[in-house]
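Structure file data.txt with compact mmCIF, C-alpha atoms:
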# COMPACT_ATOMS: atom_id res chain seq x y z
CA MET A 1 62.92 79.34 177.73
CA PHE A 2 59.92 79.73 175.39
CA GLY A 3 59.30 75.96 175.38
CA LYS A 4 59.27 75.77 179.19
CA ARG A 5 56.79 78.68 179.45
CA LEU A 6 54.55 77.07 176.83
CA ILE A 7 54.56 73.73 178.68
CA VAL A 8 53.84 75.43 182.04
CA SER A 9 51.01 77.49 180.51
CA GLY A 10 49.52 74.36 178.94
CA ALA A 11 49.68 72.49 182.24
CA ILE A 12 47.97 75.39 184.05
CA ALA A 13 45.20 75.49 181.44
CA ILE A 14 44.59 71.72 181.74
CA LEU A 15 44.58 71.95 185.56
CA ILE A 16 42.07 74.82 185.58
CA GLY A 17 39.86 73.01 183.05
CA THR A 18 39.94 69.84 185.17
CA LEU A 19 39.09 71.74 188.36
CA GLY A 20 36.24 73.53 186.60
CA ALA A 21 34.83 70.20 185.35
CA CYS A 22 35.00 68.75 188.87
CA SER A 23 33.01 71.68 190.25
CA GLY A 24 30.09 70.77 187.96
CA GLY A 25 29.97 74.07 186.08
CA GLY A 26 32.48 73.43 183.32
CA ASN A 27 34.49 76.57 182.98
CA ALA A 28 31.61 78.93 183.76
CA GLY A 29 32.70 81.74 185.98
CA GLY A 30 36.31 80.51 185.77
CA THR A 31 39.48 81.88 184.30
CA THR A 32 41.54 80.32 181.54
CA THR A 33 45.11 81.37 180.94
CA TYR A 34 46.78 81.04 177.58
CA GLY A 35 50.53 81.47 177.19
CA GLN A 36 52.02 82.89 174.01
CA ASP A 37 55.63 83.98 173.59
CA ASP A 38 56.58 86.06 176.64
CA THR A 39 53.07 87.39 177.31
CA THR A 40 50.11 85.89 179.11
CA SER A 41 46.53 86.75 178.30
CA THR A 42 43.65 85.91 180.60
CA THR A 43 40.01 85.60 179.65
CA THR A 44 37.21 85.35 182.18
CA SER A 45 33.83 83.89 181.35
CA THR A 46 30.70 84.37 183.39
CA GLY A 47 27.43 82.54 183.48
CA SER A 48 25.64 79.75 185.26
CA GLY A 49 26.60 77.06 182.78
CA SER A 50 22.96 76.10 182.27
CA GLY A 51 20.06 77.22 180.14
CA SER A 52 18.88 76.67 176.62
CA GLY A 53 20.47 78.25 173.58
CA SER A 54 20.77 77.81 169.87
CA GLY A 55 24.51 77.24 169.69
CA SER A 56 27.46 79.54 170.28
CA GLY A 57 27.16 83.32 170.30
CA GLY A 58 28.98 83.72 166.96
CA THR A 59 26.78 81.17 165.22
CA ALA A 60 23.58 82.64 166.61
CA SER A 61 24.43 86.17 165.48
CA ALA A 62 25.40 84.92 162.02
CA GLN A 63 22.08 83.07 161.73
CA ASP A 64 20.18 86.13 162.94
CA ASP A 65 21.59 88.16 160.03
CA THR A 66 20.40 85.66 157.43
CA VAL A 67 16.89 86.08 156.01
CA HIS A 68 14.90 83.80 153.74
CA GLY A 69 11.63 84.05 151.90
CA LEU A 70 9.95 83.92 148.52
CA LYS A 71 11.20 86.15 145.73
CA ASP A 72 8.78 88.96 144.96
CA SER A 73 10.83 91.50 143.01
CA VAL A 74 14.29 92.98 142.50
CA ARG A 75 15.39 96.58 142.04
CA HIS A 76 18.60 98.25 140.89
CA VAL A 77 18.96 101.85 142.05
CA THR A 78 21.56 103.65 139.96
CA ALA A 79 23.98 106.14 141.42
CA LYS A 80 23.11 109.80 140.99
CA THR A 81 25.65 112.60 140.81
CA THR A 82 25.53 116.34 140.31
CA ARG A 83 28.08 119.02 139.53
CA ALA A 84 29.34 120.98 142.52
CA THR A 85 32.18 123.33 143.34
CA ARG A 86 34.73 123.21 146.12
CA PRO A 87 37.84 125.16 147.10
CA ARG A 88 40.84 124.31 144.96
CA LEU A 89 43.89 123.38 146.99
CA VAL A 90 47.36 123.80 145.53
CA ARG A 91 50.70 122.80 146.99
CA LYS A 92 52.89 125.72 147.94
CA CYS A 93 56.45 125.17 149.06
CA SER A 94 58.99 127.47 150.64
CA THR A 95 62.71 127.05 151.26
CA ALA A 96 64.46 128.35 154.35
CA THR A 97 68.17 128.44 155.24
CA HIS A 98 69.82 128.39 158.63
CA ARG A 99 73.41 128.39 159.84
CA VAL A 100 74.60 125.32 161.73
CA ARG A 101 77.68 125.31 164.01
CA HIS A 102 79.93 122.24 164.10
CA THR A 103 82.87 121.43 166.38
CA SER A 104 85.40 118.64 166.58
CA SER A 105 88.18 117.99 169.06
CA SER A 106 91.50 116.19 168.72
CA GLY A 107 94.41 115.49 171.05
CA THR A 108 94.46 115.28 174.83
CA GLY A 109 95.52 117.48 177.73
CA SER A 110 97.41 120.65 176.82
CA LYS A 111 97.64 119.51 173.20
CA ARG A 112 93.87 119.29 172.83
CA LYS A 113 92.60 121.31 169.89
CA THR A 114 89.03 122.26 169.04
CA ARG A 115 88.03 123.04 165.50
CA THR A 116 84.86 125.02 164.75
CA TRP A 117 83.15 125.52 161.39
CA TYR A 118 79.78 126.56 160.07
CA THR A 119 77.57 125.27 157.29
CA THR A 120 74.40 126.59 155.73
CA GLU A 121 71.59 124.05 155.55
CA ARG A 122 68.39 124.35 153.60
CA SER A 123 64.98 123.06 154.61
CA ARG A 124 61.86 122.86 152.47
CA SER A 125 58.31 122.89 153.80
CA CYS A 126 55.13 122.49 151.78
CA THR A 127 51.50 123.20 152.63
CA LYS A 128 48.23 123.17 150.73
CA VAL A 129 46.62 126.56 150.27
CA ARG A 130 43.33 127.61 148.69
CA SER A 131 43.52 128.99 145.20
CA GLY A 132 40.11 129.61 143.62
CA THR A 133 37.53 126.84 143.14
CA GLU A 134 37.14 123.68 141.10
CA THR A 135 34.16 121.67 139.88
CA TYR A 136 33.65 117.99 140.63
CA ARG A 137 30.95 115.31 140.55
CA LYS A 138 29.19 115.03 143.90
CA THR A 139 27.37 111.78 144.69
CA VAL A 140 23.85 112.49 145.93
CA ARG A 141 22.62 108.88 145.73
CA THR A 142 24.75 105.75 145.95
CA GLU A 143 24.18 102.70 143.79
CA LYS A 144 22.11 99.99 145.47
CA TRP A 145 20.92 96.48 144.65
CA CYS A 146 17.72 95.37 146.36
CA VAL A 147 15.56 92.25 146.68
CA GLU A 148 11.93 92.10 147.85
CA LEU A 149 10.76 89.02 149.76
CA ASP A 150 7.41 87.59 150.83
CA ASP A 151 6.88 85.22 153.78
CA VAL A 152 10.08 86.52 155.41
CA ASN A 153 11.62 83.86 157.67
CA GLY A 154 8.49 81.74 157.27
CA ASP A 155 6.11 84.43 158.57
CA LYS A 156 3.14 84.55 156.18
CA ARG A 157 2.26 88.06 157.41
CA ARG A 158 5.65 89.55 156.47
CA ASP A 159 5.34 90.36 152.78
CA ASP A 160 6.81 93.03 150.52
CA ALA A 161 9.96 93.41 152.66
CA TRP A 162 12.82 95.11 150.82
CA TYR A 163 16.48 94.36 151.58
CA GLN A 164 19.61 95.97 150.24
CA VAL A 165 22.03 93.24 149.14
CA SER A 166 25.39 92.83 147.44
CA ARG A 167 25.66 92.90 143.67
CA SER A 168 26.26 89.14 143.47
CA VAL A 169 23.17 88.34 145.59
CA TYR A 170 21.13 90.68 143.39
CA GLY A 171 22.40 88.88 140.27
CA ASP A 172 21.39 85.48 141.68
CA ALA A 173 17.96 86.79 142.73
CA ARG A 174 17.35 88.46 139.36
CA THR A 175 17.89 85.19 137.48
CA ALA A 176 15.86 83.11 139.96
CA ASP A 177 12.27 82.14 139.16
CA ASP A 178 9.39 84.15 140.60
CA ARG A 179 8.35 82.91 144.05
CA ALA A 180 11.63 80.98 144.34
CA ARG A 181 12.93 80.55 147.89
CA LEU A 182 15.89 82.86 148.52
CA GLU A 183 18.25 83.04 151.46
CA PHE A 184 20.95 85.68 151.96
CA ASP A 185 22.67 88.07 154.38
CA PRO A 186 21.31 91.57 153.65
CA ILE A 187 23.38 94.72 153.93
CA SER A 188 20.43 96.58 155.42
CA GLU A 189 16.64 96.65 155.47
CA GLY A 190 14.75 98.85 153.06
CA CYS A 191 15.72 100.10 149.65

What is this file in structure tokens?
Amino acid sequence: MFGKRLIVSGAIAILIGTLGACSGGGNAGGTTTYGQDDTTSTTTSTGSGSGSGSGSGGTASAQDDTVHGLKDSVRHVTAKTTRATRPRLVRKCSTATHRVRHTSSSGTGSKRKTRTWYTTERSRSCTKVRSGTETYRKTVRTEKWCVELDDVNGDKRRDDAWYQVSRSVYGDARTADDRARLEFDPISEGC
């Protein structure tokens, strides 16, 4: 059953692709159906099928995130913490009992007998309640690794631009020569 559905779904996809190619617009504005197991998912694409671009959407966005330029400086911002207090939560449990009625029947007709008995069952419930305060280390500044670039993305006017980067990118930039060309995906702008 699964094999037949897969073959039929494949044939439909090829037929739709062929019809879209014959119309001159590829699959723009068309619908492609993919079969998988017992479900069918449909994706619809829109557009004119023409125009200039710099590759697929995923590639373009990945390239937009990447920056390059000449190394100016690096900076490591250490984490900063302070002592603070907060409510102290402790676990408090309570046990409750309740009576449960049980019945069982045996026999049929006039010889049917019903037996009834009771048991006591216990249940335990726990909650967190406030009990005084406790001290802890509160982070007021997170640790950051930053790189400063000149001539960002080839623009001679974009100098002294700071970027927050990963620790490994920071390590590579720190050991690189001054004015070396660097390229990386920053976490964010500024430092």

- Message: Show me, as number ranges by chain, the residues that have an atom within 12 Å of A:His76 when counting only C-alpha atoms, minus same-chain residues fewer than 6 positions from it.
- Response: A: 142-148, 162-167, 169-171, 173-174, 191

Write a file of the just-selected residues containing C-alpha atoms, as a JSON list (two decimals), keeping the file's coordinate frame.
[["chain", "number", "residue", "atom", "x", "y", "z"],
["A", 142, "THR", "CA", 24.75, 105.75, 145.95],
["A", 143, "GLU", "CA", 24.18, 102.70, 143.79],
["A", 144, "LYS", "CA", 22.11, 99.99, 145.47],
["A", 145, "TRP", "CA", 20.92, 96.48, 144.65],
["A", 146, "CYS", "CA", 17.72, 95.37, 146.36],
["A", 147, "VAL", "CA", 15.56, 92.25, 146.68],
["A", 148, "GLU", "CA", 11.93, 92.10, 147.85],
["A", 162, "TRP", "CA", 12.82, 95.11, 150.82],
["A", 163, "TYR", "CA", 16.48, 94.36, 151.58],
["A", 164, "GLN", "CA", 19.61, 95.97, 150.24],
["A", 165, "VAL", "CA", 22.03, 93.24, 149.14],
["A", 166, "SER", "CA", 25.39, 92.83, 147.44],
["A", 167, "ARG", "CA", 25.66, 92.90, 143.67],
["A", 169, "VAL", "CA", 23.17, 88.34, 145.59],
["A", 170, "TYR", "CA", 21.13, 90.68, 143.39],
["A", 171, "GLY", "CA", 22.40, 88.88, 140.27],
["A", 173, "ALA", "CA", 17.96, 86.79, 142.73],
["A", 174, "ARG", "CA", 17.35, 88.46, 139.36],
["A", 191, "CYS", "CA", 15.72, 100.10, 149.65]]

- Pick from A:Ser168, A:Ser125, A:Thr133, A:Thr108 nearest to A:Thr95, counting all atoms listed in the file: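 Smallest distance to A:Thr95 is found for A:Ser125.
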
- Counting all atoms listed in the file, note down every residue that has an atom within 7 Å of the point (41.4, 122.9, 145.0) (file coordinates), as a list of chain:residue names. A:Arg86, A:Pro87, A:Arg88, A:Leu89, A:Val90, A:Arg130, A:Ser131, A:Gly132, A:Thr133, A:Glu134

The selected residues should be written to file as a compact mmCIF listing (two decimals), in the frame of the given file (atoms: C-alpha atoms).
# COMPACT_ATOMS: atom_id res chain seq x y z
CA ARG A 86 34.73 123.21 146.12
CA PRO A 87 37.84 125.16 147.10
CA ARG A 88 40.84 124.31 144.96
CA LEU A 89 43.89 123.38 146.99
CA VAL A 90 47.36 123.80 145.53
CA ARG A 130 43.33 127.61 148.69
CA SER A 131 43.52 128.99 145.20
CA GLY A 132 40.11 129.61 143.62
CA THR A 133 37.53 126.84 143.14
CA GLU A 134 37.14 123.68 141.10

- Item | Point-to-point distance from atom CA of A:Arg157 to atom CA of A:Gly69, Å rounded to tenths | 11.6 Å

- Between A:Arg141, A:Ala96, A:Arg179, A:Ser106, which one has atoms that come closest to A:Arg122, using all atoms listed in the file?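 For A:Arg122, the nearest of the candidates is A:Ala96.
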
- Query: When you draw a straight line from atom CA of A:Thr85 to atom CA of A:Thr127, how long is it in Å?
  - Reply: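 Between these atoms lies a distance of 21.4 Å.
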
- Separating atom CA of A:Arg181 from atom CA of A:His68, to the nearest tenth of an Å, is a gap of 7.0 Å

- Which residue, A:Val100, A:Val77, A:Ala176, A:Ala161, has the smallest gap to A:Ser188 when you use only C-alpha atoms? A:Ala161
